[in-house]
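Structure file upload_16.cif (mmCIF, N, CA and C atoms) follows.
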```
data_work
#
loop_
_atom_site.label_atom_id
_atom_site.label_comp_id
_atom_site.auth_asym_id
_atom_site.auth_seq_id
_atom_site.Cartn_x
_atom_site.Cartn_y
_atom_site.Cartn_z
N MET A 298 -0.27 87.49 -84.96
CA MET A 298 -0.88 86.24 -84.60
C MET A 298 -0.94 85.30 -85.81
N LYS A 299 -1.22 85.91 -86.96
CA LYS A 299 -1.28 85.13 -88.17
C LYS A 299 0.07 84.47 -88.42
N ARG A 300 1.10 85.21 -88.17
CA ARG A 300 2.44 84.65 -88.38
C ARG A 300 2.70 83.50 -87.41
N LEU A 301 2.24 83.66 -86.22
CA LEU A 301 2.43 82.62 -85.21
C LEU A 301 1.70 81.33 -85.61
N LEU A 302 0.49 81.49 -86.13
CA LEU A 302 -0.27 80.33 -86.57
C LEU A 302 0.40 79.66 -87.78
N ILE A 303 0.89 80.44 -88.68
CA ILE A 303 1.56 79.88 -89.85
C ILE A 303 2.84 79.18 -89.43
N ALA A 304 3.57 79.80 -88.51
CA ALA A 304 4.82 79.21 -88.03
C ALA A 304 4.55 77.90 -87.31
N SER A 305 3.51 77.88 -86.48
CA SER A 305 3.22 76.64 -85.75
C SER A 305 2.72 75.55 -86.70
N ALA A 306 1.96 75.92 -87.72
CA ALA A 306 1.49 74.94 -88.71
C ALA A 306 2.66 74.39 -89.50
N LEU A 307 3.55 75.32 -89.84
CA LEU A 307 4.75 74.91 -90.57
C LEU A 307 5.60 73.98 -89.72
N MET A 308 5.74 74.27 -88.44
CA MET A 308 6.52 73.41 -87.54
C MET A 308 5.87 72.03 -87.42
N MET A 309 4.56 72.00 -87.34
CA MET A 309 3.85 70.73 -87.24
C MET A 309 4.03 69.91 -88.51
N ALA A 310 3.99 70.56 -89.63
CA ALA A 310 4.16 69.87 -90.91
C ALA A 310 5.57 69.30 -91.02
N VAL A 311 6.55 70.12 -90.63
CA VAL A 311 7.94 69.67 -90.69
C VAL A 311 8.16 68.52 -89.72
N SER A 312 7.61 68.63 -88.51
CA SER A 312 7.78 67.57 -87.53
C SER A 312 7.07 66.29 -87.96
N SER A 313 5.90 66.43 -88.60
CA SER A 313 5.20 65.23 -89.07
C SER A 313 5.96 64.58 -90.22
N ILE A 314 6.57 65.41 -91.07
CA ILE A 314 7.38 64.87 -92.17
C ILE A 314 8.60 64.15 -91.58
N ALA A 315 9.22 64.78 -90.58
CA ALA A 315 10.38 64.17 -89.94
C ALA A 315 9.97 62.89 -89.23
N SER A 316 8.82 62.91 -88.60
CA SER A 316 8.31 61.73 -87.90
C SER A 316 8.01 60.62 -88.90
N ALA A 317 7.41 60.95 -90.02
CA ALA A 317 7.12 59.96 -91.05
C ALA A 317 8.42 59.40 -91.61
N ASP A 318 9.41 60.27 -91.80
CA ASP A 318 10.72 59.83 -92.30
C ASP A 318 11.38 58.88 -91.30
N GLU A 319 11.26 59.19 -90.00
CA GLU A 319 11.83 58.30 -88.97
C GLU A 319 11.13 56.96 -88.97
N ARG A 320 9.78 57.00 -89.09
CA ARG A 320 9.04 55.74 -89.14
C ARG A 320 9.44 54.92 -90.37
N TRP A 321 9.62 55.55 -91.49
CA TRP A 321 10.05 54.88 -92.71
C TRP A 321 11.44 54.28 -92.54
N GLN A 322 12.33 55.03 -91.92
CA GLN A 322 13.69 54.55 -91.67
C GLN A 322 13.66 53.40 -90.67
N ASP A 323 12.84 53.50 -89.62
CA ASP A 323 12.70 52.40 -88.67
C ASP A 323 12.17 51.14 -89.35
N GLN A 324 11.21 51.34 -90.26
CA GLN A 324 10.65 50.21 -91.00
C GLN A 324 11.72 49.55 -91.86
N ARG A 325 12.55 50.36 -92.52
CA ARG A 325 13.64 49.79 -93.34
C ARG A 325 14.64 49.03 -92.48
N GLU A 326 14.99 49.59 -91.33
CA GLU A 326 15.93 48.88 -90.44
C GLU A 326 15.32 47.59 -89.94
N TYR A 327 14.04 47.62 -89.61
CA TYR A 327 13.35 46.40 -89.17
C TYR A 327 13.39 45.33 -90.26
N GLU A 328 13.09 45.71 -91.48
CA GLU A 328 13.12 44.77 -92.60
C GLU A 328 14.53 44.24 -92.83
N LYS A 329 15.50 45.12 -92.71
CA LYS A 329 16.90 44.71 -92.89
C LYS A 329 17.29 43.71 -91.81
N ASP A 330 16.97 44.00 -90.56
CA ASP A 330 17.29 43.09 -89.45
C ASP A 330 16.56 41.76 -89.60
N ARG A 331 15.31 41.84 -90.05
CA ARG A 331 14.52 40.62 -90.23
C ARG A 331 15.12 39.74 -91.32
N SER A 332 15.49 40.34 -92.45
CA SER A 332 16.07 39.53 -93.53
C SER A 332 17.42 38.94 -93.11
N GLU A 333 18.19 39.71 -92.35
CA GLU A 333 19.47 39.18 -91.86
C GLU A 333 19.24 38.03 -90.89
N ALA A 334 18.25 38.17 -90.01
CA ALA A 334 17.93 37.10 -89.07
C ALA A 334 17.46 35.85 -89.82
N MET A 335 16.68 36.03 -90.88
CA MET A 335 16.22 34.88 -91.66
C MET A 335 17.39 34.20 -92.38
N ARG A 336 18.33 35.00 -92.89
CA ARG A 336 19.52 34.42 -93.52
C ARG A 336 20.31 33.61 -92.51
N GLU A 337 20.50 34.17 -91.31
CA GLU A 337 21.24 33.47 -90.26
C GLU A 337 20.52 32.18 -89.85
N ALA A 338 19.20 32.26 -89.73
CA ALA A 338 18.43 31.07 -89.37
C ALA A 338 18.57 29.99 -90.45
N GLY A 339 18.52 30.40 -91.71
CA GLY A 339 18.70 29.44 -92.80
C GLY A 339 20.08 28.82 -92.79
N LYS A 340 21.09 29.66 -92.51
CA LYS A 340 22.46 29.15 -92.44
C LYS A 340 22.60 28.17 -91.28
N ASP A 341 22.02 28.51 -90.13
CA ASP A 341 22.07 27.61 -88.97
C ASP A 341 21.35 26.30 -89.26
N ARG A 342 20.20 26.38 -89.93
CA ARG A 342 19.45 25.17 -90.28
C ARG A 342 20.25 24.27 -91.21
N ARG A 343 20.89 24.88 -92.22
CA ARG A 343 21.70 24.08 -93.15
C ARG A 343 22.88 23.44 -92.43
N GLU A 344 23.52 24.19 -91.54
CA GLU A 344 24.65 23.64 -90.78
C GLU A 344 24.19 22.49 -89.89
N ALA A 345 23.04 22.66 -89.23
CA ALA A 345 22.51 21.59 -88.38
C ALA A 345 22.17 20.36 -89.21
N GLU A 346 21.65 20.58 -90.41
CA GLU A 346 21.32 19.45 -91.29
C GLU A 346 22.59 18.73 -91.74
N ARG A 347 23.63 19.50 -92.09
CA ARG A 347 24.91 18.87 -92.46
C ARG A 347 25.47 18.05 -91.31
N GLU A 348 25.42 18.60 -90.09
CA GLU A 348 25.91 17.87 -88.92
C GLU A 348 25.10 16.60 -88.69
N TYR A 349 23.78 16.69 -88.87
CA TYR A 349 22.92 15.53 -88.69
C TYR A 349 23.32 14.41 -89.64
N TRP A 350 23.46 14.75 -90.93
CA TRP A 350 23.80 13.72 -91.91
C TRP A 350 25.21 13.19 -91.71
N LYS A 351 26.11 14.06 -91.29
CA LYS A 351 27.48 13.62 -91.00
C LYS A 351 27.47 12.62 -89.84
N ASP A 352 26.77 12.94 -88.76
CA ASP A 352 26.67 12.04 -87.62
C ASP A 352 25.97 10.74 -88.00
N ARG A 353 24.97 10.86 -88.86
CA ARG A 353 24.26 9.65 -89.27
C ARG A 353 25.15 8.73 -90.09
N ARG A 354 25.94 9.32 -91.01
CA ARG A 354 26.88 8.49 -91.80
C ARG A 354 27.90 7.83 -90.89
N GLU A 355 28.41 8.59 -89.92
CA GLU A 355 29.40 8.03 -89.00
C GLU A 355 28.80 6.90 -88.17
N ALA A 356 27.58 7.10 -87.70
CA ALA A 356 26.91 6.05 -86.92
C ALA A 356 26.67 4.82 -87.79
N GLN A 357 26.32 5.02 -89.05
CA GLN A 357 26.10 3.90 -89.96
C GLN A 357 27.41 3.14 -90.19
N ARG A 358 28.52 3.88 -90.37
CA ARG A 358 29.82 3.22 -90.54
C ARG A 358 30.19 2.41 -89.30
N GLU A 359 29.98 2.99 -88.12
CA GLU A 359 30.29 2.26 -86.89
C GLU A 359 29.41 1.03 -86.74
N TYR A 360 28.13 1.17 -87.09
CA TYR A 360 27.22 0.03 -87.01
C TYR A 360 27.69 -1.08 -87.95
N GLU A 361 28.03 -0.72 -89.17
CA GLU A 361 28.48 -1.72 -90.14
C GLU A 361 29.79 -2.38 -89.68
N LYS A 362 30.69 -1.58 -89.13
CA LYS A 362 31.95 -2.12 -88.62
C LYS A 362 31.69 -3.11 -87.48
N ASP A 363 30.83 -2.72 -86.54
CA ASP A 363 30.50 -3.61 -85.43
C ASP A 363 29.81 -4.88 -85.93
N ARG A 364 28.94 -4.72 -86.93
CA ARG A 364 28.25 -5.87 -87.49
C ARG A 364 29.23 -6.83 -88.16
N ARG A 365 30.18 -6.26 -88.92
CA ARG A 365 31.19 -7.11 -89.57
C ARG A 365 32.03 -7.85 -88.54
N GLU A 366 32.43 -7.13 -87.48
CA GLU A 366 33.23 -7.77 -86.43
C GLU A 366 32.45 -8.87 -85.74
N ALA A 367 31.17 -8.62 -85.48
CA ALA A 367 30.33 -9.63 -84.85
C ALA A 367 30.18 -10.85 -85.75
N MET A 368 30.02 -10.59 -87.06
CA MET A 368 29.91 -11.71 -87.99
C MET A 368 31.20 -12.51 -88.06
N LYS A 369 32.35 -11.80 -88.00
CA LYS A 369 33.63 -12.50 -88.01
C LYS A 369 33.78 -13.35 -86.76
N GLU A 370 33.39 -12.77 -85.62
CA GLU A 370 33.48 -13.53 -84.36
C GLU A 370 32.56 -14.74 -84.40
N ARG A 371 31.35 -14.55 -84.91
CA ARG A 371 30.41 -15.66 -84.98
C ARG A 371 30.93 -16.72 -85.93
N ALA A 372 31.47 -16.29 -87.08
CA ALA A 372 32.01 -17.25 -88.04
C ALA A 372 33.21 -17.97 -87.45
N LYS A 373 34.04 -17.23 -86.72
CA LYS A 373 35.20 -17.85 -86.09
C LYS A 373 34.76 -18.86 -85.04
N ALA A 374 33.72 -18.48 -84.27
CA ALA A 374 33.21 -19.40 -83.25
C ALA A 374 32.60 -20.63 -83.90
N GLU A 375 31.99 -20.44 -85.06
CA GLU A 375 31.41 -21.58 -85.77
C GLU A 375 32.49 -22.48 -86.35
N ARG A 376 33.66 -21.91 -86.67
CA ARG A 376 34.74 -22.70 -87.27
C ARG A 376 35.52 -23.48 -86.24
N ARG A 377 35.41 -23.17 -85.01
CA ARG A 377 36.20 -23.86 -83.99
C ARG A 377 35.54 -25.18 -83.62
N TRP A 378 36.33 -26.21 -83.74
CA TRP A 378 35.84 -27.52 -83.38
C TRP A 378 36.81 -28.12 -82.38
N ALA A 379 36.37 -29.13 -81.69
CA ALA A 379 37.21 -29.79 -80.69
C ALA A 379 37.60 -31.18 -81.21
N ARG A 380 38.60 -31.74 -80.57
CA ARG A 380 39.06 -33.07 -80.93
C ARG A 380 37.91 -34.06 -80.69
N GLY A 381 37.70 -34.93 -81.65
CA GLY A 381 36.64 -35.91 -81.55
C GLY A 381 35.35 -35.46 -82.23
N GLU A 382 35.24 -34.19 -82.55
CA GLU A 382 34.06 -33.70 -83.25
C GLU A 382 34.22 -33.92 -84.75
N TYR A 383 33.11 -33.80 -85.43
CA TYR A 383 33.12 -33.94 -86.88
C TYR A 383 33.27 -32.56 -87.50
N ILE A 384 34.21 -32.46 -88.44
CA ILE A 384 34.36 -31.21 -89.18
C ILE A 384 33.29 -31.22 -90.27
N PRO A 385 32.67 -30.09 -90.60
CA PRO A 385 31.65 -30.08 -91.65
C PRO A 385 32.18 -30.66 -92.96
N GLN A 386 31.32 -31.35 -93.64
CA GLN A 386 31.69 -32.11 -94.83
C GLN A 386 32.29 -31.23 -95.93
N HIS A 387 31.83 -29.99 -96.06
CA HIS A 387 32.35 -29.17 -97.16
C HIS A 387 33.81 -28.76 -96.94
N TYR A 388 34.35 -28.93 -95.74
CA TYR A 388 35.77 -28.64 -95.49
C TYR A 388 36.65 -29.84 -95.87
N LEU A 389 36.04 -30.92 -96.25
CA LEU A 389 36.82 -32.09 -96.69
C LEU A 389 36.99 -32.08 -98.21
N ALA A 390 36.97 -30.90 -98.80
CA ALA A 390 37.14 -30.75 -100.24
C ALA A 390 38.57 -30.29 -100.53
N ASP A 391 38.96 -30.39 -101.78
CA ASP A 391 40.32 -30.08 -102.21
C ASP A 391 40.86 -28.71 -101.76
N PRO A 392 40.10 -27.64 -101.86
CA PRO A 392 40.70 -26.33 -101.52
C PRO A 392 41.17 -26.21 -100.07
N TYR A 393 40.65 -27.07 -99.19
CA TYR A 393 40.98 -26.95 -97.77
C TYR A 393 42.09 -27.91 -97.33
N TYR A 394 42.45 -28.86 -98.17
CA TYR A 394 43.52 -29.80 -97.82
C TYR A 394 44.87 -29.10 -97.82
N VAL A 395 45.71 -29.49 -96.86
CA VAL A 395 47.09 -29.01 -96.82
C VAL A 395 47.93 -30.15 -97.37
N ARG A 396 48.36 -30.01 -98.60
CA ARG A 396 49.13 -31.07 -99.24
C ARG A 396 50.62 -30.97 -98.86
N ASP A 397 51.13 -29.77 -98.83
CA ASP A 397 52.55 -29.57 -98.52
C ASP A 397 52.68 -29.26 -97.03
N TYR A 398 52.46 -30.27 -96.20
CA TYR A 398 52.43 -30.06 -94.75
C TYR A 398 53.79 -29.68 -94.19
N ARG A 399 54.87 -30.05 -94.86
CA ARG A 399 56.20 -29.68 -94.36
C ARG A 399 56.42 -28.16 -94.44
N ALA A 400 55.82 -27.51 -95.43
CA ALA A 400 55.95 -26.05 -95.57
C ALA A 400 55.30 -25.33 -94.40
N TYR A 401 54.35 -25.99 -93.76
CA TYR A 401 53.66 -25.40 -92.60
C TYR A 401 54.17 -25.97 -91.28
N ASP A 402 55.25 -26.70 -91.32
CA ASP A 402 55.83 -27.37 -90.13
C ASP A 402 54.82 -28.29 -89.46
N LEU A 403 54.13 -29.08 -90.26
CA LEU A 403 53.18 -30.05 -89.73
C LEU A 403 53.75 -31.44 -89.88
N ALA A 404 53.42 -32.29 -88.94
CA ALA A 404 53.88 -33.68 -89.00
C ALA A 404 53.14 -34.40 -90.12
N PRO A 405 53.79 -35.37 -90.75
CA PRO A 405 53.08 -36.11 -91.80
C PRO A 405 51.90 -36.87 -91.19
N PRO A 406 50.74 -36.80 -91.84
CA PRO A 406 49.57 -37.49 -91.28
C PRO A 406 49.67 -39.00 -91.51
N PRO A 407 49.11 -39.78 -90.59
CA PRO A 407 49.10 -41.24 -90.81
C PRO A 407 48.19 -41.61 -91.98
N PRO A 408 48.28 -42.80 -92.48
CA PRO A 408 47.42 -43.21 -93.60
C PRO A 408 45.93 -43.07 -93.21
N GLY A 409 45.14 -42.53 -94.13
CA GLY A 409 43.71 -42.34 -93.87
C GLY A 409 43.38 -41.01 -93.22
N TYR A 410 44.42 -40.24 -92.91
CA TYR A 410 44.22 -38.92 -92.29
C TYR A 410 44.82 -37.84 -93.19
N GLY A 411 44.41 -36.62 -92.97
CA GLY A 411 44.96 -35.51 -93.72
C GLY A 411 44.81 -34.22 -92.93
N TRP A 412 45.62 -33.25 -93.30
CA TRP A 412 45.55 -31.92 -92.65
C TRP A 412 44.56 -31.05 -93.43
N VAL A 413 43.73 -30.34 -92.68
CA VAL A 413 42.73 -29.45 -93.26
C VAL A 413 42.92 -28.07 -92.63
N ARG A 414 42.85 -27.06 -93.48
CA ARG A 414 42.91 -25.66 -93.01
C ARG A 414 41.62 -24.97 -93.48
N PRO A 415 40.61 -24.85 -92.58
CA PRO A 415 39.31 -24.31 -93.00
C PRO A 415 39.36 -22.85 -93.45
N ASP A 416 40.21 -22.04 -92.84
CA ASP A 416 40.25 -20.62 -93.21
C ASP A 416 41.69 -20.23 -93.50
N PRO A 417 41.99 -19.79 -94.71
CA PRO A 417 43.37 -19.45 -95.05
C PRO A 417 43.90 -18.23 -94.29
N ARG A 418 43.00 -17.44 -93.66
CA ARG A 418 43.45 -16.29 -92.88
C ARG A 418 43.88 -16.69 -91.48
N ASP A 419 43.42 -17.85 -91.01
CA ASP A 419 43.78 -18.34 -89.68
C ASP A 419 44.88 -19.38 -89.79
N ASP A 420 45.63 -19.49 -88.73
CA ASP A 420 46.66 -20.54 -88.67
C ASP A 420 46.16 -21.69 -87.80
N GLU A 421 44.99 -22.19 -88.14
CA GLU A 421 44.42 -23.34 -87.45
C GLU A 421 44.42 -24.52 -88.41
N TYR A 422 44.98 -25.60 -87.97
CA TYR A 422 45.09 -26.80 -88.80
C TYR A 422 44.44 -27.95 -88.04
N TYR A 423 43.71 -28.77 -88.75
CA TYR A 423 43.04 -29.92 -88.15
C TYR A 423 43.47 -31.18 -88.88
N MET A 424 43.92 -32.18 -88.11
CA MET A 424 44.17 -33.49 -88.70
C MET A 424 42.87 -34.27 -88.57
N VAL A 425 42.31 -34.62 -89.72
CA VAL A 425 41.02 -35.30 -89.72
C VAL A 425 41.11 -36.66 -90.39
N GLN A 426 40.23 -37.53 -89.94
CA GLN A 426 40.12 -38.83 -90.60
C GLN A 426 39.33 -38.59 -91.88
N LEU A 427 39.92 -38.87 -93.01
CA LEU A 427 39.35 -38.48 -94.29
C LEU A 427 38.02 -39.19 -94.59
N ALA A 428 37.83 -40.39 -94.11
CA ALA A 428 36.60 -41.13 -94.41
C ALA A 428 35.41 -40.58 -93.62
N THR A 429 35.64 -40.17 -92.38
CA THR A 429 34.51 -39.75 -91.54
C THR A 429 34.49 -38.27 -91.23
N GLY A 430 35.62 -37.60 -91.22
CA GLY A 430 35.70 -36.17 -90.86
C GLY A 430 35.89 -35.95 -89.38
N VAL A 431 36.26 -36.99 -88.63
CA VAL A 431 36.49 -36.84 -87.18
C VAL A 431 37.84 -36.17 -86.98
N ILE A 432 37.88 -35.19 -86.11
CA ILE A 432 39.11 -34.47 -85.83
C ILE A 432 39.96 -35.27 -84.87
N ALA A 433 41.18 -35.57 -85.30
CA ALA A 433 42.10 -36.34 -84.47
C ALA A 433 43.08 -35.43 -83.74
N GLN A 434 43.43 -34.31 -84.34
CA GLN A 434 44.41 -33.41 -83.73
C GLN A 434 44.14 -31.99 -84.22
N MET A 435 44.46 -31.01 -83.36
CA MET A 435 44.28 -29.61 -83.72
C MET A 435 45.57 -28.86 -83.45
N LEU A 436 45.94 -27.97 -84.34
CA LEU A 436 47.10 -27.09 -84.12
C LEU A 436 46.66 -25.67 -84.40
N ASP A 437 46.98 -24.79 -83.47
CA ASP A 437 46.66 -23.37 -83.62
C ASP A 437 47.96 -22.61 -83.45
N ARG A 438 48.40 -21.95 -84.50
CA ARG A 438 49.68 -21.24 -84.43
C ARG A 438 49.48 -19.76 -84.41
#
```

Show how you would write the structure in this file as structure tokens.
Amino acid sequence: MKRLLIASALMMAVSSIASADERWQDQREYEKDRSEAMREAGKDRREAEREYWKDRREAQREYEKDRREAMKERAKAERRWARGEYIPQHYLADPYYVRDYRAYDLAPPPPGYGWVRPDPRDDEYYMVQLATGVIAQMLDR
């Protein structure tokens, strides 16, 4: 009987040691899985942040592009005048005069008139009365 008691005590001790070892191993696996999950979460957060800033930069570029186009359209609309209207006075300055009108296939202006090109990027020419700035003729090429 004594042997049986010793054997059962020994078995209980061994099983408790094995059980403690399993719990320790489970704890290590849990910690390992937790740290891996935290690394993955950090990686996902950084990726999401990169995507956010990338999208934000792209949206900013599109906004700026649309704004520039709108400003160009508004400026172009502001530059368009009709026959009989007055061209703004600052366009009656030297940089806007077309002196060599033959190079642009323009008819020679009558005395007191001159050709004006408000925007060198556009092919719009206005024959204006130099004293008043009244538009006598418009050519758009």

message = Between atom C of Ala334 in chain A and CA of Lys351 in chain A, what distance in Å does the model show, to one decimal?
response = 24.4 Å

message = I need the residue nearest Pro406 in chain A from this list: A:Tyr393, A:Leu427, A:Asp330, A:Arg336. Use only C-alpha atoms for the distance.
response =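 Of A:Tyr393, A:Leu427, A:Asp330, A:Arg336, the one nearest Pro406 in chain A is A:Leu427, counting only C-alpha atoms.
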
Using only C-alpha atoms: which of A:Arg353, A:Ile384, A:Glu348, A:Arg377 has the shortest distance to Glu421 in chain A = A:Arg377

Coordinates-based distance that separates CA of Gln426 in chain A from CA of Gly409 in chain A (Å, one decimal) =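 Here the two named atoms are 6.0 Å from each other.
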
ask   = How far is it from atom C of Ala433 in chain A to atom N of Pro405 in chain A, in Å with one decimal?
value = 12.8 Å

Take the PyMOL selection byres ((chain A and resi 381) around 6), run it mentally on this structure, and tell me the resulting residues as a short mmCIF file (atom, residue, chain, number, x, y, z; two decimals) with N, CA and C atoms, in the frame of the given file.
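Once written, result-v8.cif looks like this:
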```cif
data_model
loop_
_atom_site.label_atom_id
_atom_site.label_comp_id
_atom_site.auth_asym_id
_atom_site.auth_seq_id
_atom_site.Cartn_x
_atom_site.Cartn_y
_atom_site.Cartn_z
N ALA A 379 36.37 -29.13 -81.69
CA ALA A 379 37.21 -29.79 -80.69
C ALA A 379 37.60 -31.18 -81.21
N ARG A 380 38.60 -31.74 -80.57
CA ARG A 380 39.06 -33.07 -80.93
C ARG A 380 37.91 -34.06 -80.69
N GLU A 382 35.24 -34.19 -82.55
CA GLU A 382 34.06 -33.70 -83.25
C GLU A 382 34.22 -33.92 -84.75
N TYR A 383 33.11 -33.80 -85.43
CA TYR A 383 33.12 -33.94 -86.88
C TYR A 383 33.27 -32.56 -87.50
N VAL A 431 36.26 -36.99 -88.63
CA VAL A 431 36.49 -36.84 -87.18
C VAL A 431 37.84 -36.17 -86.98
N ILE A 432 37.88 -35.19 -86.11
CA ILE A 432 39.11 -34.47 -85.83
C ILE A 432 39.96 -35.27 -84.87
N ALA A 433 41.18 -35.57 -85.30
CA ALA A 433 42.10 -36.34 -84.47
C ALA A 433 43.08 -35.43 -83.74
#
```
